[in-house]
Structures are given as structure tokens and as C-alpha cells.
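Colleague: Once you've had a glance at the structure underneath, I'll fire off some questions.
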Amino acid sequence: MKRHLPAVALAAVAALVLAGCGSDPAAAPKAAPVGIRPEQDVLSGVQKNEAAAALLPADVRAAGTVKLGGAVGSPPGAYYPEGKKEITGLDVDLVNAVAKVLGVQVQREDAAFETILPALGSGKYDVGTGNFGVTEARLKTIDFVTYIDDGQGFAVRSDNTALNTVTDLVQLCGLTIGTGAGTTFEATLNAKKDVCAQAGKKPYEVKVFSDNGAVFTGLQQGRLDVVMSTINGLRYQAAQPGAKTRFLGEYHLLDVGFAFKKGSALTPAFQAAVNQLIKDGTYRKILTKWGTADSAITESKINPPEHP
């Protein structure tokens with residue numbers, strides 16, 4: 001499956017879209033990157049779908065609201081444009097479109113990426129967004145409704161000629177890798193640290209950051225050799241004019257979805273809403289607006305297995 005996005009110029013971002021990893025709103029980029037049109041209205045024609053809305057639990061239909069915990073990062077996912085207090089981005093448009101289909105209002109709260117999934121279990125939020133990748137580990141405690149394809153990738157400084165692609169983590173032995181706290185990237189890197197010892201090489205070092213801006217600062221200052229993040233975010237960044245990073249390619253593909261506590265009664269309604277948006281063309285309009293059309297799915301699924 002293709003997921004070829006552009007990516008955000010480092011000059012325009014103090015924060016990496018560790019999609020699958022959120023960031024602090026203060027670390028969000030201060031300008032809209034090249035290639036997206038955040039002002040474009042793609043939601044005005046979305047109508048409530050009674051069949052999808054009927055799948056909502058009775059208490060949610062009565063309340064007319066869902067509580068959402070959302071991570072904030074860089075375009076195209078979810079971010080605050082310069083001088084504005086209203087969040088925008090791909091995740092935001094998709095959430096709002098789903099809400100219109102279901103006839104509910106979204107009570108959004110910005111949250112640190114690593115806090116959202118635990119908060120679903122406690123009931124603080126009904127649904128979470130933050131480019132959460134579907135993994136076997138997460139499926140043990142979280143339900144997912146998929147809405148896009150993405151995955152794990154690597155990037156280096158644009159002047160780094162030592163690495164051209166990463167298909168095996170043994171290629172990173174002896175290097176320092178930066179990534180986001182609580183992400184699939186951190187889990188993957190830590191779970192496979194022994195590959196270097198098995199190859200008789202010096203282990204790689206993993207440095208984890210809650211502040212996404214610190215990841216790219218470390219890369220540009222030479223304290224990090226490589227960063228690991230989402231395919232979509234890294235592509236988007238590296239494709240911008242004057243970009244200071246170079247994308248090294250796809251490492252592991254993942255479905256991305258809305259996150260819910262295990263056993264949530266909301267998943268059938270959200271799945272039906274996403275599929276309605278795919279059917280009526282709104283979904284394609286949203287992805288095109290944010291430069292992510294190549295990451296489109298043809299059908300939303302509940303809890304698909306992790307990509308091999």
C-alpha cells in the first residue's frame with residue numbers, strides 16, 4: 001500500500017510530527033507548510049447519516065457529545081497555525097467529519113501523546129487521536145477504528161550521506177536515535193536492541209523526548225544521528241523546499257485509527273461513519289487537502305491485525 005506524503009520544512013517546524021506521537025501545542029509549527037491548504041472547507045457538505053448514528057449507544061445519542069483526547073504536533077496531523085487558537089489538521093478534519101455524520105459534538109482536550117491511551121481506560125476520554133498505529137501490543141488493551149495507512153520510518157540531516165535507507169535495525173548500530181516517548185517507535189527500538197550484539201557490533205542508543213521539538217533540535221545540532229517517526233510526517237517534512245532532513249524510507253507499515261478503550265460500544269458507529277465518508281467522497285477530499293491521498297484506505301476496519 002502506498003503512503004507517500006510530502007513533509008514539513010524544518011525551518012517551519014520546531015516539532016516533529018511523531019505521528020503516533022503527539023507534541024506540546026507550544027512546539028507546534030508557526031506557519032502552514034508548503035503543499036497544504038488549511039483554509040479549504042471540505043466539511044460543509046457533510047450530512048448526518050441516520051443509519052450510522054443509530055449505532056451509537058443510547059446514552060451518547062442522548063448526550064449528543066463525545067469526549068476526545070487529541071495529541072498536537074505538526075502538519076499534516078493536528079497543529080495550531082501561527083497566530084490562531086483553533087487547531088487544524090488531518091486528524092481534526094476527520095474527527096469533525098465523523099461527528100457530523102453521527103450528529104454529535106466533539107469535546108476536545110489537547111493531551112500529551114503518551115497519556116491518551118491510559119486515559120481511555122479510565123473513562124476520561126471516549127476516543128483518542130494522535131496517529132495511533134495499530135499494533136498487537138496495543139490491541140490487548142485498546143480498540144481501533146482505522147482511518148488511514150501510515151507507519152514507521154527514519155530520517156537524517158540532509159547533509160548526511162552515510163545512510164540512504166534503513167531496512168534492518170542493524171544498520172543503525174553505533175548510532176544515536178531520537179524518537180518520541182510512548183510511541184511505537186520507542187517500543188520497536190527497545191525491543192530489538194539485541195540485533196547489534198548478535199551482529200557483533202556496538203549497540204545503538206535510543207534517546208526519547210516528550211517535547212517533539214527537541215528531537216529535531218538534537219538532530220540538527222549533531223546530538224542525534226537519526227530520528228524515527230511516522231512515514232507520513234517524515235515524507236512531508238523532507239519534501240518541503242529548503243528542508244534540512246532526508247527521508248530514509250519505509251521501515252514498518254501500520255494501520256492508523258481512532259483509539260477506544262477495550263470493548264467500547266462506540267466502534268461500530270465510528271467505523272460506519274468513516275465508511276460513509278469514504279463512500280460519499282468527503283474522505284478523499286480531506287486527505288487531498290492535507291496532501292495525504294496516497295495514504296487512503298478503501299474501508300475502515302475494527303481491530304485489524306498488525307501489518308507483518
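Identifiers in the C-alpha cells: chain A, B, ... in order shown; residue index from 1 per chain; ligand index from 1 in order shown.
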Quick one: residues within 12 Å of Leu253 (chain A), only C-alpha atoms counted, chain neighbours fewer than 5 positions away excluded, as an MDAnalysis selection string?

Modeller: chainID A and resid 1:4 133:135 148:153 184:185 229:232 295 305:308

Colleague: For the residues selected in the previous step, produce a file with N, CA and C atoms as a compact mmCIF listing (two decimals), in the first residue's frame.

Modeller:
# COMPACT_ATOMS: atom_id res chain seq x y z
N MET A 1 0.85 -1.20 0.00
CA MET A 1 0.00 0.00 0.00
C MET A 1 0.87 1.24 0.00
N LYS A 2 0.50 2.23 -0.76
CA LYS A 2 1.32 3.45 -0.84
C LYS A 2 0.92 4.41 0.26
N ARG A 3 1.90 5.10 0.80
CA ARG A 3 1.65 6.17 1.74
C ARG A 3 2.72 7.20 1.55
N HIS A 4 2.66 7.86 0.38
CA HIS A 4 3.75 8.78 0.02
C HIS A 4 3.29 10.22 0.19
N GLY A 133 -0.83 4.07 15.78
CA GLY A 133 -0.66 2.89 14.95
C GLY A 133 -1.24 1.66 15.62
N VAL A 134 -1.81 0.78 14.82
CA VAL A 134 -2.40 -0.46 15.33
C VAL A 134 -1.30 -1.50 15.47
N THR A 135 -1.02 -1.91 16.70
CA THR A 135 -0.02 -2.94 16.98
C THR A 135 -0.65 -4.04 17.82
N ILE A 148 -6.60 5.61 8.16
CA ILE A 148 -5.53 5.95 7.23
C ILE A 148 -4.42 4.91 7.39
N ASP A 149 -3.53 4.82 6.41
CA ASP A 149 -2.34 3.98 6.50
C ASP A 149 -1.13 4.87 6.75
N ASP A 150 -0.24 4.38 7.57
CA ASP A 150 1.00 5.11 7.86
C ASP A 150 2.00 4.08 8.33
N GLY A 151 2.94 4.48 9.15
CA GLY A 151 3.89 3.51 9.66
C GLY A 151 5.16 4.16 10.17
N GLN A 152 6.20 3.35 10.28
CA GLN A 152 7.46 3.78 10.88
C GLN A 152 8.52 4.02 9.80
N GLY A 153 9.25 5.11 9.99
CA GLY A 153 10.33 5.42 9.07
C GLY A 153 11.45 6.15 9.77
N THR A 184 5.19 3.82 19.17
CA THR A 184 5.57 2.53 18.61
C THR A 184 7.04 2.52 18.21
N PHE A 185 7.57 3.70 17.92
CA PHE A 185 8.98 3.81 17.53
C PHE A 185 9.87 3.45 18.71
N SER A 229 10.17 8.22 13.15
CA SER A 229 8.84 8.78 13.31
C SER A 229 7.93 8.18 12.25
N THR A 230 6.83 8.87 11.98
CA THR A 230 5.86 8.36 11.01
C THR A 230 6.35 8.56 9.58
N ILE A 231 5.98 7.64 8.74
CA ILE A 231 6.28 7.74 7.31
C ILE A 231 5.70 9.03 6.75
N ASN A 232 4.43 9.27 7.05
CA ASN A 232 3.76 10.44 6.50
C ASN A 232 4.40 11.74 6.95
N SER A 295 -2.16 7.82 1.18
CA SER A 295 -2.29 7.01 2.39
C SER A 295 -3.73 6.59 2.64
N PRO A 305 -5.41 -6.94 12.31
CA PRO A 305 -4.10 -7.37 12.85
C PRO A 305 -3.01 -6.43 12.40
N GLU A 306 -1.95 -6.38 13.19
CA GLU A 306 -0.81 -5.54 12.83
C GLU A 306 -0.18 -6.04 11.54
N HIS A 307 0.25 -5.09 10.71
CA HIS A 307 0.95 -5.47 9.49
C HIS A 307 2.18 -6.30 9.85
N PRO A 308 2.44 -7.37 9.11
CA PRO A 308 3.64 -8.19 9.39
C PRO A 308 4.91 -7.42 9.10

Colleague: Hey, what's within 6 Å of Cys173 (chain A) if we count only C-alpha atoms and toss same-chain stuff fewer than 3 positions away? As a PDB file with C-alpha atoms, in the first residue's frame, please?

Modeller:
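Result file is around-v6.pdb:
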ATOM      1  CA  VAL A 170      21.474  -3.496  12.383  1.00  0.00           C
ATOM      2  CA  CYS A 196      23.636  -5.256  17.287  1.00  0.00           C
ATOM      3  CA  LYS A 202      28.233  -1.634  19.068  1.00  0.00           C
ATOM      4  CA  PRO A 203      24.603  -1.141  20.180  1.00  0.00           C
ATOM      5  CA  TYR A 204      22.594   1.838  19.062  1.00  0.00           C
TER       6      TYR A 204
END

Colleague: Can you pull out every residue within 8 Å of Gly69 (chain A), counting only C-alpha atoms, but drop anything in the same chain fewer than 2 positions away, and send it as a VMD selection string?

Modeller: chain A and resid 67 71 108 to 111 116 125 to 129

Colleague: If you take only C-alpha atoms and a cut-off of 12 Å, which residues of region 48-93 of chain A touch region 269-273 of chain A, and what are their nearest atom pairs and distances in Å to one decimal, in chain and number order, as JSON lines?

Modeller:
{"residue": "A:Lys48", "atom": "CA", "partner": "A:Ala273", "partner_atom": "CA", "distance": 9.2}
{"residue": "A:Asn49", "atom": "CA", "partner": "A:Ala273", "partner_atom": "CA", "distance": 7.8}
{"residue": "A:Glu50", "atom": "CA", "partner": "A:Ala273", "partner_atom": "CA", "distance": 10.1}
{"residue": "A:Ala51", "atom": "CA", "partner": "A:Ala272", "partner_atom": "CA", "distance": 8.3}
{"residue": "A:Ala52", "atom": "CA", "partner": "A:Ala272", "partner_atom": "CA", "distance": 5.4}
{"residue": "A:Ala53", "atom": "CA", "partner": "A:Ala269", "partner_atom": "CA", "distance": 6.5}
{"residue": "A:Ala54", "atom": "CA", "partner": "A:Ala269", "partner_atom": "CA", "distance": 7.7}
{"residue": "A:Leu55", "atom": "CA", "partner": "A:Ala269", "partner_atom": "CA", "distance": 4.9}
{"residue": "A:Leu56", "atom": "CA", "partner": "A:Ala269", "partner_atom": "CA", "distance": 5.5}
{"residue": "A:Pro57", "atom": "CA", "partner": "A:Ala269", "partner_atom": "CA", "distance": 8.7}
{"residue": "A:Ala58", "atom": "CA", "partner": "A:Ala269", "partner_atom": "CA", "distance": 11.8}
{"residue": "A:Val60", "atom": "CA", "partner": "A:Ala269", "partner_atom": "CA", "distance": 10.9}
{"residue": "A:Arg61", "atom": "CA", "partner": "A:Ala269", "partner_atom": "CA", "distance": 11.0}
{"residue": "A:Val66", "atom": "CA", "partner": "A:Phe270", "partner_atom": "CA", "distance": 11.3}

Colleague: What gap, in Å, lies between CA of Leu102 (chain A) and CA of Gly291 (chain A)?

Modeller: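 Interatomic distance, CA of Leu102 (chain A) to CA of Gly291 (chain A): 25.6 Å.
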
Colleague: Env of Ala181 (chain A): 6 Å cut, atoms = only C-alpha atoms, seq-sep filter 5 positions within chain, self excluded. Answer as a list in words.

Modeller: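 Using only C-alpha atoms, the neighbours found are Val208, Phe209 and Ser210 of chain A.
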
Colleague: Calculated over only C-alpha atoms, which of the candidates A:Ala62, A:Val98, A:Ile302, A:Ala78 has the smallest distance to Thr282 (chain A)?

Modeller: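 Comparing A:Ala62, A:Val98, A:Ile302, A:Ala78 against Thr282 (chain A), the winner is A:Val98.
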
Colleague: As a list in words, please: the residues near Val104 (chain A) (cut-off 6 Å, only C-alpha atoms, same-chain neighbours under 5 positions excluded).

Modeller: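 Near neighbours after the sequence-gap exclusion: Gly64, Thr65 and Ala99 of chain A.
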
Colleague: Calculated over only C-alpha atoms, which of the candidates A:Asp255, A:Glu82, A:Asp194, A:Asp294 has the smallest distance to Thr146 (chain A)?

Modeller: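 For Thr146 (chain A), the nearest of the candidates is A:Asp255.
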